[in-house]
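Chemist: Quick one, final_17.txt (compact mmCIF, C-alpha atoms):
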# COMPACT_ATOMS: atom_id res chain seq x y z
CA MET A 1114 58.99 -80.79 -10.49
CA ILE A 1115 60.51 -83.36 -12.79
CA ASN A 1116 58.40 -86.43 -13.48
CA PHE A 1117 60.35 -89.61 -14.09
CA ILE A 1118 59.45 -92.17 -16.75
CA LYS A 1119 60.52 -95.78 -16.69
CA ILE A 1120 60.35 -97.73 -19.95
CA ASP A 1121 60.35 -101.52 -19.97
CA ILE A 1122 59.92 -104.20 -22.64
CA MET A 1123 57.27 -106.76 -21.74
CA LYS A 1124 57.50 -110.11 -23.57
CA ALA A 1125 53.99 -111.35 -22.90
CA SER A 1126 51.07 -109.33 -21.66
CA ILE A 1127 51.63 -105.62 -21.55
CA ASN A 1128 51.13 -103.65 -18.40
CA ILE A 1129 50.74 -99.94 -18.22
CA LYS A 1130 51.56 -98.84 -14.76
CA ARG A 1131 51.96 -95.20 -14.91
CA ASN A 1132 52.03 -92.55 -12.36
CA SER A 1133 52.08 -88.86 -12.77
CA PHE A 1134 51.40 -85.83 -10.73
CA ILE A 1135 49.37 -83.72 -8.63
CA PHE A 1136 47.97 -82.17 -5.64
CA CYS A 1137 47.22 -80.20 -2.48
CA LEU A 1138 44.09 -78.88 -0.58
CA LEU A 1139 41.11 -79.54 1.72
CA LEU A 1140 38.04 -81.49 2.72
CA LEU A 1141 34.72 -79.96 3.83
CA GLN A 1142 33.04 -83.23 4.71
CA THR A 1143 34.33 -86.58 5.91
CA VAL A 1144 31.03 -88.26 5.20
CA PHE A 1145 30.29 -88.91 1.52
CA LEU A 1146 27.22 -87.23 0.07
CA SER A 1147 24.54 -89.61 -1.12
CA ALA A 1148 22.80 -89.13 -4.46
CA GLN A 1149 19.51 -88.40 -2.65
CA ASN A 1150 21.05 -85.44 -0.84
CA THR A 1151 22.69 -83.80 -3.83
CA THR A 1152 21.66 -81.88 -6.89
CA PHE A 1153 23.77 -81.29 -9.97
CA PHE A 1154 23.96 -78.54 -12.56
CA SER A 1155 25.73 -78.80 -15.90
CA GLY A 1156 26.41 -76.49 -18.82
CA LYS A 1157 29.05 -74.48 -20.64
CA ILE A 1158 31.05 -71.32 -19.95
CA LEU A 1159 31.74 -69.28 -23.10
CA ASP A 1160 33.51 -66.06 -24.08
CA LYS A 1161 30.81 -63.44 -24.72
CA THR A 1162 32.58 -61.84 -27.66
CA SER A 1163 33.77 -64.95 -29.51
CA SER A 1164 31.57 -67.75 -28.08
CA ASN A 1165 34.77 -69.77 -27.59
CA PRO A 1166 34.73 -72.26 -24.69
CA MET A 1167 36.46 -71.15 -21.48
CA HIS A 1168 38.91 -73.87 -20.44
CA LEU A 1169 39.74 -73.97 -16.70
CA ALA A 1170 37.13 -71.40 -15.66
CA THR A 1171 36.53 -71.69 -11.90
CA LEU A 1172 33.07 -72.09 -10.36
CA ASN A 1173 32.79 -71.45 -6.61
CA VAL A 1174 29.67 -71.75 -4.46
CA LEU A 1175 29.82 -68.63 -2.28
CA ASP A 1176 30.04 -69.03 1.49
CA SER A 1177 31.27 -72.59 1.05
CA ASN A 1178 34.37 -74.50 -0.06
CA ILE A 1179 32.58 -76.27 -2.92
CA SER A 1180 34.06 -75.63 -6.36
CA THR A 1181 34.76 -77.13 -9.74
CA ILE A 1182 36.35 -76.16 -13.07
CA THR A 1183 35.50 -76.42 -16.75
CA ASN A 1184 37.09 -78.81 -19.24
CA LYS A 1185 38.52 -77.98 -22.68
CA GLU A 1186 35.02 -77.72 -24.14
CA GLY A 1187 34.04 -75.20 -21.46
CA GLU A 1188 31.74 -77.80 -19.89
CA PHE A 1189 31.13 -78.13 -16.17
CA VAL A 1190 29.28 -80.34 -13.72
CA LEU A 1191 28.62 -78.88 -10.27
CA LYS A 1192 27.18 -81.10 -7.55
CA LEU A 1193 26.15 -79.80 -4.16
CA PRO A 1194 23.90 -80.62 -1.19
CA THR A 1195 20.25 -79.74 -1.69
CA ASN A 1196 20.35 -77.51 1.39
CA ARG A 1197 22.64 -75.11 -0.49
CA MET A 1198 20.38 -74.68 -3.50
CA LEU A 1199 19.60 -71.06 -2.61
CA LYS A 1200 23.22 -69.95 -2.59
CA GLN A 1201 25.09 -67.99 -5.24
CA MET A 1202 27.83 -69.26 -7.53
CA GLN A 1203 30.75 -67.16 -8.71
CA ILE A 1204 32.43 -67.87 -12.05
CA SER A 1205 35.91 -66.47 -12.63
CA PHE A 1206 38.60 -66.64 -15.30
CA LEU A 1207 41.91 -64.88 -15.79
CA GLY A 1208 41.36 -61.56 -17.58
CA TYR A 1209 37.53 -61.69 -17.40
CA GLN A 1210 34.91 -60.04 -15.22
CA PRO A 1211 33.69 -62.38 -12.48
CA LEU A 1212 30.03 -63.34 -12.65
CA GLU A 1213 27.71 -64.21 -9.77
CA ILE A 1214 24.60 -66.30 -10.42
CA ASP A 1215 21.80 -67.48 -8.14
CA LEU A 1216 21.82 -71.26 -8.27
CA SER A 1217 18.02 -71.23 -8.05
CA THR A 1218 17.87 -69.58 -11.50
CA LEU A 1219 19.87 -72.34 -13.24
CA LYS A 1220 18.46 -75.29 -15.13
CA ARG A 1221 19.70 -78.74 -14.22
CA THR A 1222 21.31 -79.20 -17.66
CA GLY A 1223 22.05 -77.17 -20.78
CA ASN A 1224 23.08 -73.93 -19.07
CA ILE A 1225 25.03 -71.55 -21.35
CA ILE A 1226 26.88 -68.85 -19.40
CA TYR A 1227 28.95 -66.05 -20.93
CA LEU A 1228 31.87 -64.13 -19.42
CA LEU A 1229 32.95 -60.65 -20.46
CA PRO A 1230 36.62 -59.61 -20.81
CA ALA A 1231 37.88 -57.31 -18.07
CA PRO A 1232 39.96 -54.44 -19.48
CA THR A 1233 43.32 -54.00 -17.79
CA GLN A 1234 43.51 -50.73 -15.94
CA LEU A 1235 46.24 -48.45 -17.23
CA GLU A 1236 47.47 -47.44 -13.81
CA VAL A 1237 48.59 -51.02 -13.18
CA VAL A 1238 50.89 -50.88 -16.18
CA GLU A 1239 52.33 -47.61 -14.95
CA LEU A 1240 52.99 -49.11 -11.52
CA LEU A 1241 54.94 -51.95 -13.05
CA LYS A 1242 57.53 -49.56 -14.43
CA ASN A 1243 58.63 -48.67 -10.92
CA LYS A 1244 58.97 -52.22 -9.59
CA ASN A 1245 61.62 -54.89 -9.83
CA ALA A 1246 60.24 -58.22 -11.07
CA LYS A 1247 62.72 -60.39 -9.17
CA ASP A 1248 62.10 -58.52 -5.91
CA LEU A 1249 58.36 -59.03 -6.37
CA VAL A 1250 58.83 -62.81 -6.73
CA LEU A 1251 60.99 -62.92 -3.59
CA LYS A 1252 58.38 -60.90 -1.71
CA MET A 1253 55.64 -63.25 -2.97
CA LEU A 1254 57.43 -66.24 -1.45
CA LYS A 1255 58.30 -64.40 1.75
CA LEU A 1256 54.64 -63.54 2.43
CA LYS A 1257 53.33 -67.10 2.15
CA ASN A 1258 52.61 -67.27 5.90
CA ASN A 1259 50.29 -64.26 5.60
CA ASN A 1260 48.58 -65.09 2.30
CA TYR A 1261 48.09 -68.86 2.38
CA LEU A 1262 46.41 -71.40 4.62
CA ASN A 1263 48.25 -71.47 7.93
CA LYS A 1264 46.23 -74.23 9.58
CA SER A 1265 46.08 -77.97 9.02
CA THR A 1266 43.39 -78.80 6.50
CA VAL A 1267 41.77 -81.79 4.84
CA MET A 1268 41.02 -81.64 1.14
CA THR A 1269 38.95 -83.71 -1.21
CA SER A 1270 40.25 -83.80 -4.76
CA PHE A 1271 39.44 -85.35 -8.10
CA TYR A 1272 42.43 -86.75 -9.97
CA ARG A 1273 42.81 -87.93 -13.54
CA GLU A 1274 45.70 -89.20 -15.64
CA THR A 1275 45.62 -90.18 -19.30
CA ILE A 1276 48.08 -91.63 -21.78
CA LYS A 1277 47.91 -91.31 -25.55
CA LYS A 1278 49.89 -92.89 -28.33
CA ASN A 1279 50.06 -90.85 -31.54
CA ASN A 1280 47.14 -88.72 -30.28
CA ARG A 1281 44.91 -91.75 -29.68
CA ASN A 1282 43.64 -92.40 -26.18
CA ALA A 1283 45.02 -95.56 -24.67
CA SER A 1284 44.46 -95.28 -20.93
CA LEU A 1285 42.34 -93.32 -18.46
CA SER A 1286 42.54 -93.43 -14.67
CA GLU A 1287 40.53 -91.38 -12.18
CA ALA A 1288 40.38 -91.17 -8.41
CA VAL A 1289 38.87 -89.33 -5.48
CA LEU A 1290 41.59 -88.51 -2.95
CA ASN A 1291 41.81 -87.13 0.56
CA ILE A 1292 44.81 -84.94 1.30
CA GLN A 1293 46.19 -84.14 4.71
CA LYS A 1294 47.42 -80.66 3.89
CA THR A 1295 49.98 -79.17 6.24
CA PRO A 1296 50.14 -75.40 6.85
CA TYR A 1297 52.09 -73.36 4.32
CA SER A 1298 54.17 -72.02 7.21
CA THR A 1299 55.72 -75.46 7.86
CA SER A 1300 58.11 -77.63 5.88
CA LYS A 1301 56.12 -80.81 6.60
CA ARG A 1302 55.04 -82.68 3.48
CA ASP A 1303 51.44 -83.25 2.50
CA ILE A 1304 50.00 -86.78 2.66
CA ILE A 1305 47.51 -88.43 0.29
CA THR A 1306 45.12 -91.37 0.64
CA ILE A 1307 42.94 -92.91 -2.08
CA ILE A 1308 39.19 -92.97 -1.41
CA LYS A 1309 38.15 -94.50 -4.72
CA ALA A 1310 39.89 -95.21 -8.01
CA ARG A 1311 38.95 -96.54 -11.44
CA LYS A 1312 40.72 -97.13 -14.74
CA LYS A 1313 40.40 -98.35 -18.31
CA THR A 1314 43.33 -99.27 -20.54
CA ASN A 1315 43.54 -100.27 -24.21
CA TYR A 1316 46.72 -102.31 -24.11
CA SER A 1317 46.68 -103.00 -27.86
CA LYS A 1318 47.56 -99.37 -28.55
CA LEU A 1319 50.73 -99.53 -26.50
CA ASP A 1320 52.60 -102.17 -28.53
CA THR A 1321 55.39 -103.63 -26.42
CA LEU A 1322 56.32 -100.37 -24.78
CA ALA A 1323 55.22 -99.86 -21.21
CA LEU A 1324 55.58 -96.44 -19.61
CA LYS A 1325 55.87 -95.82 -15.91
CA LEU A 1326 55.52 -92.26 -14.72
CA ARG A 1327 56.52 -91.93 -11.11
CA GLY A 1328 55.02 -89.52 -8.65
CA GLY A 1329 51.28 -89.72 -9.30
CA PRO A 1330 49.18 -87.26 -7.31
CA TYR A 1331 52.26 -86.16 -5.38
CA SER A 1332 53.63 -84.59 -8.54
CA ALA A 1333 50.53 -82.43 -8.52
CA LEU A 1334 51.26 -81.28 -5.02
CA HIS A 1335 54.72 -80.25 -6.06
CA THR A 1336 53.38 -77.83 -8.67
CA ASP A 1337 52.35 -75.69 -5.70
CA LEU A 1338 55.20 -73.19 -5.99
CA ILE A 1339 54.35 -71.60 -2.67
CA LYS A 1340 54.51 -74.82 -0.66
CA TYR A 1341 57.33 -76.36 -2.72
CA PRO A 1342 59.34 -73.48 -4.26
CA ASP A 1343 62.57 -75.51 -4.34
CA PHE A 1344 61.33 -77.49 -7.32
CA ILE A 1345 61.70 -74.30 -9.38
CA PHE A 1346 63.49 -71.62 -7.38
CA THR A 1347 66.24 -72.14 -4.80
CA ASP A 1348 68.51 -69.77 -2.93
CA ASN A 1349 71.28 -70.81 -5.29
CA ASN A 1350 69.54 -70.40 -8.65
CA TYR A 1351 67.63 -67.10 -8.49
CA ASP A 1352 70.51 -65.40 -10.28
CA SER A 1353 70.27 -68.03 -13.05
CA TYR A 1354 66.90 -66.58 -14.07
CA THR A 1355 65.87 -63.37 -15.79
CA PHE A 1356 62.66 -61.88 -14.38
CA SER A 1357 60.61 -59.31 -16.28
CA PHE A 1358 57.13 -57.80 -16.32
CA ASN A 1359 54.57 -58.61 -18.99
CA LYS A 1360 51.34 -56.70 -19.51
CA SER A 1361 49.29 -56.84 -16.32
CA THR A 1362 45.80 -58.31 -16.19
CA VAL A 1363 42.73 -58.62 -13.94
CA ILE A 1364 41.41 -61.58 -11.95
CA ASN A 1365 38.08 -61.19 -10.12
CA ASN A 1366 38.29 -57.40 -10.51
CA LYS A 1367 41.71 -57.40 -8.87
CA LYS A 1368 44.87 -56.12 -10.52
CA VAL A 1369 47.40 -58.82 -11.21
CA TYR A 1370 51.07 -58.50 -12.10
CA VAL A 1371 52.35 -60.90 -14.73
CA VAL A 1372 56.00 -61.81 -14.17
CA ALA A 1373 57.83 -63.75 -16.88
CA PHE A 1374 60.91 -65.77 -16.00
CA LYS A 1375 63.46 -67.75 -17.99
CA GLN A 1376 66.97 -69.02 -17.48
CA LYS A 1377 69.82 -66.86 -18.66
CA GLU A 1378 71.52 -67.78 -21.93
CA ASN A 1379 74.85 -68.56 -20.25
CA ILE A 1380 73.24 -71.10 -17.88
CA THR A 1381 73.57 -74.70 -19.06
CA ASP A 1382 71.45 -76.30 -16.31
CA ILE A 1383 68.00 -77.55 -17.21
CA LEU A 1384 65.67 -74.96 -15.65
CA TYR A 1385 62.20 -73.57 -16.31
CA TYR A 1386 60.52 -70.66 -18.09
CA GLY A 1387 57.01 -69.32 -17.77
CA LYS A 1388 54.72 -66.76 -16.15
CA LEU A 1389 53.66 -65.97 -12.58
CA TYR A 1390 50.37 -64.16 -11.92
CA ILE A 1391 50.72 -62.17 -8.69
CA ASP A 1392 47.92 -60.27 -6.96
CA SER A 1393 48.92 -56.60 -6.76
CA GLU A 1394 47.33 -56.00 -3.33
CA THR A 1395 48.51 -59.03 -1.37
CA ASN A 1396 51.47 -60.11 -3.54
CA ALA A 1397 50.04 -63.65 -3.50
CA LEU A 1398 50.58 -66.05 -6.39
CA THR A 1399 47.22 -66.72 -8.03
CA LYS A 1400 48.38 -68.78 -11.01
CA ALA A 1401 51.55 -70.13 -12.62
CA ASP A 1402 52.07 -71.46 -16.14
CA TYR A 1403 55.57 -72.76 -16.84
CA ASN A 1404 57.61 -75.21 -18.90
CA LEU A 1405 60.82 -77.16 -18.59
CA ASN A 1406 63.52 -75.87 -20.94
CA LEU A 1407 63.95 -78.61 -23.57
CA SER A 1408 66.45 -76.81 -25.80
CA ASN A 1409 68.81 -79.71 -25.08
CA PRO A 1410 66.42 -82.72 -25.26
CA GLN A 1411 69.21 -85.27 -24.85
CA LYS A 1412 70.25 -83.71 -21.56
CA ALA A 1413 66.66 -83.14 -20.45
CA SER A 1414 65.74 -86.77 -21.13
CA LYS A 1415 68.05 -87.86 -18.31
CA LEU A 1416 65.78 -85.99 -15.91
CA PHE A 1417 62.74 -87.99 -17.02
CA ILE A 1418 64.03 -91.41 -17.97
CA ASN A 1419 64.94 -93.85 -15.22
CA THR A 1420 65.68 -96.90 -17.36
CA LYS A 1421 65.03 -97.67 -21.01
CA PRO A 1422 65.82 -100.33 -23.62
CA ARG A 1423 69.20 -99.86 -25.30
CA ASN A 1424 67.66 -99.82 -28.79
CA ALA A 1425 65.09 -97.13 -27.96
CA LYS A 1426 65.68 -93.40 -28.08
CA VAL A 1427 63.31 -91.41 -25.85
CA LEU A 1428 63.28 -87.63 -25.99
CA PRO A 1429 60.90 -85.23 -24.21
CA THR A 1430 59.29 -82.70 -26.56
CA LYS A 1431 56.97 -80.94 -24.12
CA ALA A 1432 56.80 -80.48 -20.35
CA ASN A 1433 54.14 -77.97 -19.32
CA TYR A 1434 52.86 -77.26 -15.80
CA ILE A 1435 49.84 -75.17 -14.78
CA VAL A 1436 48.73 -74.47 -11.21
CA ASN A 1437 45.82 -72.31 -10.03
CA PHE A 1438 45.14 -70.97 -6.53
CA SER A 1439 41.79 -69.99 -5.00
CA LEU A 1440 40.93 -67.37 -2.39
CA SER A 1441 38.63 -68.54 0.41
CA HIS A 1442 37.96 -66.92 3.78
CA GLY A 1443 40.79 -64.46 3.17
CA LYS A 1444 43.43 -67.14 2.47
CA TRP A 1445 44.79 -68.56 -0.77
CA HIS A 1446 45.27 -72.27 -1.40
CA TYR A 1447 46.18 -74.70 -4.15
CA ALA A 1448 43.08 -75.44 -6.24
CA TYR A 1449 44.02 -77.07 -9.54
CA SER A 1450 47.04 -78.28 -11.48
CA ASN A 1451 47.68 -79.79 -14.88
CA ILE A 1452 50.84 -81.53 -16.09
CA SER A 1453 51.24 -82.25 -19.79
CA LEU A 1454 54.22 -84.28 -21.03
CA ASP A 1455 55.06 -85.38 -24.58
CA PHE A 1456 57.75 -87.89 -25.54
CA LYS A 1457 59.04 -89.11 -28.87
CA VAL A 1458 60.11 -92.75 -28.84
CA LYS A 1459 62.13 -94.13 -31.74
CA TRP A 1460 63.43 -97.67 -32.07
CA LYS A 1461 66.55 -98.35 -34.12
CA SER A 1462 64.59 -100.80 -36.28
CA GLN A 1463 61.92 -98.20 -37.16
CA TRP A 1464 61.98 -95.38 -39.68
CA PHE A 1465 59.60 -93.16 -37.80
CA GLY A 1466 59.19 -92.48 -34.11
CA LYS A 1467 56.01 -92.68 -32.06
CA LYS A 1468 54.60 -89.95 -29.89
CA TYR A 1469 53.41 -90.65 -26.36
CA SER A 1470 51.50 -88.01 -24.42
CA LEU A 1471 50.92 -88.20 -20.70
CA GLN A 1472 48.60 -85.80 -18.91
CA SER A 1473 47.47 -85.63 -15.33
CA GLU A 1474 45.24 -83.12 -13.60
CA MET A 1475 43.88 -82.62 -10.14
CA ALA A 1476 41.15 -80.32 -8.82
CA ILE A 1477 40.22 -79.57 -5.23
CA THR A 1478 36.46 -79.93 -4.84
CA ASP A 1479 36.03 -79.34 -1.11
CA TRP A 1480 38.02 -78.68 2.07
CA GLU A 1481 37.90 -77.79 5.77
CA TYR A 1482 40.22 -76.89 8.61
CA ASN A 1483 40.97 -80.00 10.66
CA ASN A 1484 43.81 -80.47 13.14
CA ASN A 1485 42.71 -83.97 14.15
CA TYR A 1486 42.55 -85.66 10.74
CA LYS A 1487 45.49 -88.02 10.28
CA ILE A 1488 46.30 -90.43 7.47
CA THR A 1489 47.95 -93.54 8.86
CA ASN A 1490 51.02 -95.09 7.27
CA LYS A 1491 48.87 -98.06 6.26
CA ASN A 1492 46.52 -95.87 4.19
CA LYS A 1493 49.09 -93.38 2.93
CA LEU A 1494 49.76 -93.32 -0.80
CA LYS A 1495 53.48 -93.71 -1.23
CA ALA A 1496 55.25 -91.25 -3.48
CA SER A 1497 57.03 -94.13 -5.21
CA SER A 1498 53.87 -96.12 -5.97
CA ILE A 1499 52.35 -96.44 -9.44
CA PHE A 1500 48.89 -94.90 -9.38
CA GLU A 1501 47.27 -97.33 -11.81
CA GLU A 1502 48.21 -100.22 -9.56
CA GLN A 1503 45.83 -98.74 -7.01
CA ALA A 1504 42.90 -98.41 -9.45
CA ASN A 1505 40.65 -101.42 -9.94
CA GLY A 1506 38.15 -100.73 -12.67
CA PHE A 1507 35.17 -98.50 -13.39
CA LEU A 1508 33.01 -99.43 -10.43
CA ASP A 1509 30.61 -97.90 -7.94
CA ASN A 1510 28.78 -95.31 -10.04
CA LYS A 1511 26.72 -94.20 -7.05
CA PHE A 1512 29.92 -93.24 -5.28
CA TRP A 1513 31.30 -91.28 -8.21
CA GLY A 1514 28.01 -89.48 -8.66
CA ALA A 1515 28.38 -87.72 -5.33
CA TYR A 1516 31.42 -85.63 -6.29
CA ASN A 1517 32.15 -82.40 -8.12
CA ILE A 1518 34.39 -83.89 -10.77
CA ILE A 1519 35.89 -82.51 -13.94
CA GLU A 1520 33.53 -83.54 -16.71
CA PRO A 1521 35.42 -86.01 -18.96
CA GLU A 1522 36.58 -84.68 -22.31
CA LYS A 1523 34.55 -85.90 -25.27
CA SER A 1524 37.65 -87.52 -26.73
CA ILE A 1525 38.11 -89.49 -23.52
CA GLU A 1526 34.51 -90.67 -23.57
CA ASN A 1527 34.92 -91.87 -27.15
CA ALA A 1528 38.13 -93.66 -26.22
CA ILE A 1529 36.42 -95.49 -23.37
CA LYS A 1530 33.64 -96.65 -25.71
CA LYS A 1531 36.22 -98.04 -28.13
CA ILE A 1532 38.10 -99.70 -25.28
CA ASN A 1533 34.90 -101.34 -24.01
CA LYS A 1534 34.16 -102.73 -27.46
CA GLN A 1535 37.62 -104.20 -27.79
CA LEU A 1536 37.49 -105.68 -24.29
CA LYS A 1537 34.18 -107.41 -25.14
CA LYS A 1538 35.69 -108.86 -28.31
CA SER A 1539 38.64 -110.24 -26.37
Output the file's structure as structure tokens, nothing else.
Modeler:
Amino acid sequence: MINFIKIDIMKASINIKRNSFIFCLLLLQTVFLSAQNTTFFSGKILDKTSSNPMHLATLNVLDSNISTITNKEGEFVLKLPTNRMLKQMQISFLGYQPLEIDLSTLKRTGNIIYLLPAPTQLEVVELLKNKNAKDLVLKMLKLKNNNYLNKSTVMTSFYRETIKKNNRNASLSEAVLNIQKTPYSTSKRDIITIIKARKKTNYSKLDTLALKLRGGPYSALHTDLIKYPDFIFTDNNYDSYTFSFNKSTVINNKKVYVVAFKQKENITDILYYGKLYIDSETNALTKADYNLNLSNPQKASKLFINTKPRNAKVLPTKANYIVNFSLSHGKWHYAYSNISLDFKVKWKSQWFGKKYSLQSEMAITDWEYNNNYKITNKNKLKASSIFEEQANGFLDNKFWGAYNIIEPEKSIENAIKKINKQLKKS
């Protein structure tokens, strides 16, 4: 689950070639939807009691594999074929009552939708007292063949990665990807191909420091703890963790166990800590939110840094991973992941260090079972490639308009406007 950063000094023009994280899931259509055949809805999802925006709320069109999620402002954009306009949409969020809405009752824009908190049922808490948290995690992984997709699938996903320097946006890359997703019951790796990519970079904000984050969309795939448990848990390190129960919760009216894990105090290895949200009926993992232990940043930096200038000190200050799973046709699958990394870079000639933030996220927007779909070696995205090298500018708006994408954050939109102005000046 570690993402590796390579830092180089560039004497002339500065290149940001960065790759970070994500993926895994399926494709419902192999033919792209044209703008004439689609309709879009947009709006916000808010907490009913506080009116706060609901970040990462999931919107699913029932009886289909079409879905999207909300951004940090609670905003969403849902695009679907016009022949599905009469269907219902379900909105769900951890700890809240799911809501079903007829799509025919929505406006095209400006929809404000509220979710109500779902009180945790007391009997769930009582049940937790009689269970062993570690045994539940082991059972969760053992039941992956029963709970998760056990057929070959093709997934369409939207991918984004951003880089900030001192909280100012410097680069944005986005892509639509196809993923050849292997069954959860096999050890075969998933394969990714790029359908379309675009990017914008403000090189002036990066000084002479170029960051390379290896992995790209494949890092997203590896957040799938069910498909790739060895990135967190192995047969040799289970005893290095302490597992315990937190207060249980509810997802889509289903009881969910919340298992916290962290490495034991006597363990010096760099491991993880976080929470696992496990469905009480099926023992399936529905969500995971975890971090890399950075109590020893000097030691942890060796896991991230491949090469760096001798006069630069680079220390990770944050490494957070979030992965969500969706239930469709009785099977769970990877649906969304977010990787957020912060680094402090200090040069010996400087009094103060600079903060670099790298974030990547991927959302599955559609999928289908398909045993015949194969990505050739020629079209396969290599795990070692730098994602931004594959992106070639903000082009083809008609193409991008046909997808259920994560609506860009307002801060990103503002950054792109500033970048465009500076590019025109230059």
Chemist: Write out as a VMD selection string the residues lying within 10 Å of Asn1365 of chain A, counting only C-alpha atoms and excluding same-chain residues fewer than 2 positions away.
Modeler: chain A and resid 1203 to 1212 1231 1363 1367 to 1369
Chemist: Could you tell me which of A:Tyr1390, A:Tyr1331, A:Phe1189, A:Trp1464 comes closest to Ile1304 of chain A if we count all atoms listed in the file?
Modeler: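 Of A:Tyr1390, A:Tyr1331, A:Phe1189, A:Trp1464, the one nearest Ile1304 of chain A is A:Tyr1331, counting all atoms listed in the file.
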Chemist: Go through A:Leu1454, A:Leu1169, A:Gly1387, A:Ser1441 one by one, measure the shortest atom-to-atom distance of each to Phe1417 of chain A using only C-alpha atoms, and give the residue with the smallest value.
Modeler: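 Nearest to Phe1417 of chain A: A:Leu1454.
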Chemist: Of the residues A:Leu1416, A:Leu1262, A:Ile1488, A:Ala1401, which is the one nearest to Val1371 of chain A, using all atoms listed in the file?
Modeler: A:Ala1401
Chemist: If we count all atoms listed in the file and set the cut-off at 9 Å, which residues sit around Gln1411 of chain A, ignoring sequence neighbours fewer than 6 positions away in its own chain? Please answer as a PyMOL selection string.
Modeler: chain A and resi 1427-1429
Chemist: Nearest to Asn1492 of chain A: which of A:Asp1348, A:Asp1160, A:Leu1290, A:Thr1152 is it, counting all atoms listed in the file?
Modeler: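 Once distances to Asn1492 of chain A are computed over all atoms listed in the file, the minimum belongs to A:Leu1290.
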Chemist: Between A:Ser1163, A:Asn1359, A:Asn1282, A:Asn1350, single out the one closest to Ala1246 of chain A, counting all atoms listed in the file.
Modeler: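 Comparing A:Ser1163, A:Asn1359, A:Asn1282, A:Asn1350 against Ala1246 of chain A, the winner is A:Asn1359.
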Chemist: Skip Ser1298 of chain A itself and residues of its chain fewer than 4 positions away, then list as a PyMOL selection string all residues within 12 Å of it, counting all atoms listed in the file.
Modeler: chain A and resi 1254-1265+1294+1302+1339-1341
Chemist: Which of these, A:Leu1471, A:Leu1229, A:Ile1391, A:Leu1407, has the shortest distance to Arg1281 of chain A once you count all atoms listed in the file?
Modeler: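 Closest to Arg1281 of chain A, using all atoms listed in the file: A:Leu1471.
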